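As structure tokens, the structure follows; a few thoughts come after it.
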Amino acid sequence: MSRPTDIRLTNVRYETERYDYRSPMKFGGRVVRDVVLFNVSTEVESRDGRRGTGFGSMTMGNIWAWAGGVTDPQVTLDVMIEFAESLVQCVNGFKEFGHPLELVYDFSKEYAALAERLEKKHALQESMPKLAQLVAASPWEASLFDAFGKMLDQNAYNLLSSEFCNRDLGDYLGEEFRGEYLDQYTLRTPKPSMPLYHLVGALDPLLPSDVTEPVGDGLPEHLGEWIQYNGLTCLKIKLNGDNLDWDVGRVLGVDAVAAEAQRQRSAKLCYSADFNERCANVEYVLEFLRKIEEASPAAFKRLQYIEQPTHRDLKAFPENKMHQAAAIKPVVIDESLVDFESLQQSRIMGYSGVALKACKGHAEALLMGAVALKYGMYLCVQDLTCPGASFLHSASLSARIPTVAAIEGNGRQYCPAANKPWENRYPTMFQITDGQLGTAVLTGPGLY
């Protein structure tokens, strides 16, 4: 079966941009000081002769996507960029017609072989992680969905039904999803507004006394200022995972600052705790939760969920089961989630939620969101310090998945320079004063 709206690629091109962070960000024992954006423009044409051009952008977050290996971080960044470049060259010769979801799914079968060629070329002593492959491929994927919407002058989230797709979800997710399409798991109009989740990195000052080296660029210098500046109510707290006293103290310190700032406002505070896989076992998480509740029942109540507390390799560490912790607070899979199989494995191991990320690819995020909704799992959308178009991509995903409650957006904190070209075009998404993002504007042709 085919549709007149099926597309093929006619031209794909790319460029890169590099930005310094305004201040370093620490997570999972690692410090990040700059970012490379990989930008892709894709031209498509339909079977019935219509044409469109789409744009996709994503941070090449090698420190997160290729963590814990033996390869030098500069090399992993170079390989991810080369993977993205090689992918553009390969898809330029891909002449099959289809819906963007189908084209991405079919071509993604080539990712592993492409990674293997780069591993041999650079004589790497380890394989390129699937997560790193997904991140490097995500700008092209986004540009393809964006082009499809631009071609039809419709938002890409309204082009996911059987009217436009040749295959149902059973082809991607098995018989349990036969006869279903992604329009059943997404909204036709975005939520009108959503709370902004602000990142509190492990190096970020909480109080004026913590500011030892002011940035001096006019933006807030510590958490208290950020809360007032953006009207924040939702905070994501980066934790170490190997120092219980520090982790508990950090949450209590954040809570003290946030609660004091909130005394003049009626908005409800909420937190998430992100260990970035650093906890040795679930017992660490349980003791962390116990100590938080014991020290501050209010802070414990404000804690919404826990992100990926233990190692991302679920098969290598089957003992890291999360059932006990998930009975207290939702525990969401993040770094481990790279395909349907890993999501199923996470459920067996007690994870009760899923963190979607635009940086893993638009198709992957939509499919995993459908699975999580069908299984009744807790859902959130997480950031990769995405600025500009990459943030709008992530935000549109958050605004179109029914049960996602907030949007994480860290680019404005660490890389505001990359937001500048987009601020006047989407002021409600980049100029925040009441803690809310005005997602009602994300209805244009394409992804946002």
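For the structure tokens, the naming scheme is as follows: chains receive sequential letters (A, B, ...) according to their order of presentation, residues are indexed from 1 within each chain, and ligands are indexed from 1 in presentation order.
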
- Could you write out, as an NGL selection string, all the residues of region 56-122 of chain A that DSSP marks as helix (DSSP H, G or I)? :A and (62-65 or 73-91 or 100-121)

- Non-local contacts of Leu206 (chain A) (9 Å; only C-alpha atoms; under 3 positions in same chain excluded) as number ranges by chain: A: 200, 209-211, 221-225, 253-254, 257

Report as a Markdown table the residues of region 74-142 of chain A within 9 Å of region 48-65 of chain A, each with its shortest atom pair and distance in Å (one decimal), using only C-alpha atoms, ordered by chain and increasing residue number.
```
| residue | atom | partner | partner_atom | distance |
| --- | --- | --- | --- | --- |
| A:Gln74 | CA | A:Asn62 | CA | 8.7 |
| A:Thr76 | CA | A:Asn62 | CA | 6.2 |
| A:Leu77 | CA | A:Asn62 | CA | 5.4 |
| A:Met80 | CA | A:Met60 | CA | 7.0 |
| A:Ile81 | CA | A:Met60 | CA | 7.1 |
| A:Pro129 | CA | A:Ala65 | CA | 7.5 |
| A:Lys130 | CA | A:Ala65 | CA | 8.6 |
| A:Leu131 | CA | A:Ala65 | CA | 5.5 |
| A:Ala132 | CA | A:Ala65 | CA | 4.8 |
| A:Gln133 | CA | A:Ala65 | CA | 8.5 |
| A:Leu134 | CA | A:Ala65 | CA | 8.8 |
| A:Val135 | CA | A:Met60 | CA | 6.7 |
| A:Ala136 | CA | A:Met60 | CA | 6.4 |
| A:Ser138 | CA | A:Met58 | CA | 6.8 |
| A:Pro139 | CA | A:Gly56 | CA | 4.6 |
| A:Trp140 | CA | A:Gly56 | CA | 6.0 |
| A:Glu141 | CA | A:Gly56 | CA | 7.3 |
| A:Ala142 | CA | A:Gly56 | CA | 4.7 |
```

- Atomic separation - CA of Leu101 (chain A) relative to CA of Ile407 (chain A), Å: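 Atom-to-atom, CA of Ile407 (chain A) to CA of Leu101 (chain A), that is 23.8 Å.
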
- Compile the contact shell of Met128 (chain A) as a list of chain:residue names: residues with an atom at most 8 Å away, counting only C-alpha atoms, same-chain residues fewer than 6 positions apart removed.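 Close residues of Met128 (chain A): A:Trp66, A:Ala115, A:Glu116, A:Glu119.
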
- Name the residues of region 35-191 of chain A that fall into strand (DSSP E) according to DSSP on the backbone, using the chain letters and numbers of this document, as number ranges by chain. A: 35-46, 51-59

- Item | Spatial neighbours of Ala358 (chain A), 12 Å, only C-alpha atoms, chain gap at least 2 places, as an MDAnalysis selection string | chainID A and resid 56:59 134:142 334 338 355:356 360:369 380:386 389:398 407:408 447

- Can you work out which one of A:Lys191, A:Lys236, A:Lys321, A:Arg263 has the shortest atom-to-atom distance to Arg302 (chain A), counting only C-alpha atoms?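 Closest to Arg302 (chain A) of all the choices is A:Lys236.
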
- With only C-alpha atoms as the atoms that count, which of A:Asp168, A:Glu277, A:Asp20, A:Asp434 lies nearest to Ile227 (chain A)?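 Of A:Asp168, A:Glu277, A:Asp20, A:Asp434, the one nearest Ile227 (chain A) is A:Asp434, counting only C-alpha atoms.
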
- Task: Mind giving me the straight-line distance from CA of Leu173 (chain A) to CA of Phe340 (chain A) in Å, one decimal?
- Result: 7.1 Å

- Task: List the neighbours of Ala273 (chain A) out to 10 Å using only C-alpha atoms; skip same-chain residues closer than 6 positions along the sequence, and give me the result as a list in words.
- Result: Val200, Leu235, Lys236, Ile237, Lys238, Leu239, Asp247, Val251, Leu303, Gln304, Tyr305, Ile306, Glu307, Gln308, Pro309 and Val331 of chain A

- Pick from A:Gln125, A:Ser108, A:Ser346, A:Gln436, whichever lies nearest to Phe94 (chain A) using only C-alpha atoms: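 Selected residue with least distance to Phe94 (chain A): A:Ser108.
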
- Surrounding residues of Ile401 (chain A) excluding itself and chain neighbours under 5 positions, 7 Å, only C-alpha atoms, as a VMD selection string: chain A and resid 185 to 187

Selection export as an mmCIF file, in the first residue's frame, atoms kept: N, CA and C atoms:
```cif
data_model
loop_
_atom_site.group_PDB
_atom_site.id
_atom_site.type_symbol
_atom_site.label_atom_id
_atom_site.label_comp_id
_atom_site.auth_asym_id
_atom_site.auth_seq_id
_atom_site.Cartn_x
_atom_site.Cartn_y
_atom_site.Cartn_z
ATOM 1 N N TYR A 185 -2.045 8.031 20.424
ATOM 2 C CA TYR A 185 -1.201 8.258 21.596
ATOM 3 C C TYR A 185 -0.629 9.673 21.648
ATOM 4 N N THR A 186 -1.122 10.539 20.773
ATOM 5 C CA THR A 186 -0.653 11.930 20.748
ATOM 6 C C THR A 186 -1.851 12.861 20.655
ATOM 7 N N LEU A 187 -1.634 14.136 20.989
ATOM 8 C CA LEU A 187 -2.695 15.140 20.969
ATOM 9 C C LEU A 187 -2.697 15.897 19.648
#
```

- In Å, with one decimal, what is the gap from CA of Leu442 (chain A) to CA of Glu423 (chain A)?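 These atoms are spaced 13.7 Å apart.
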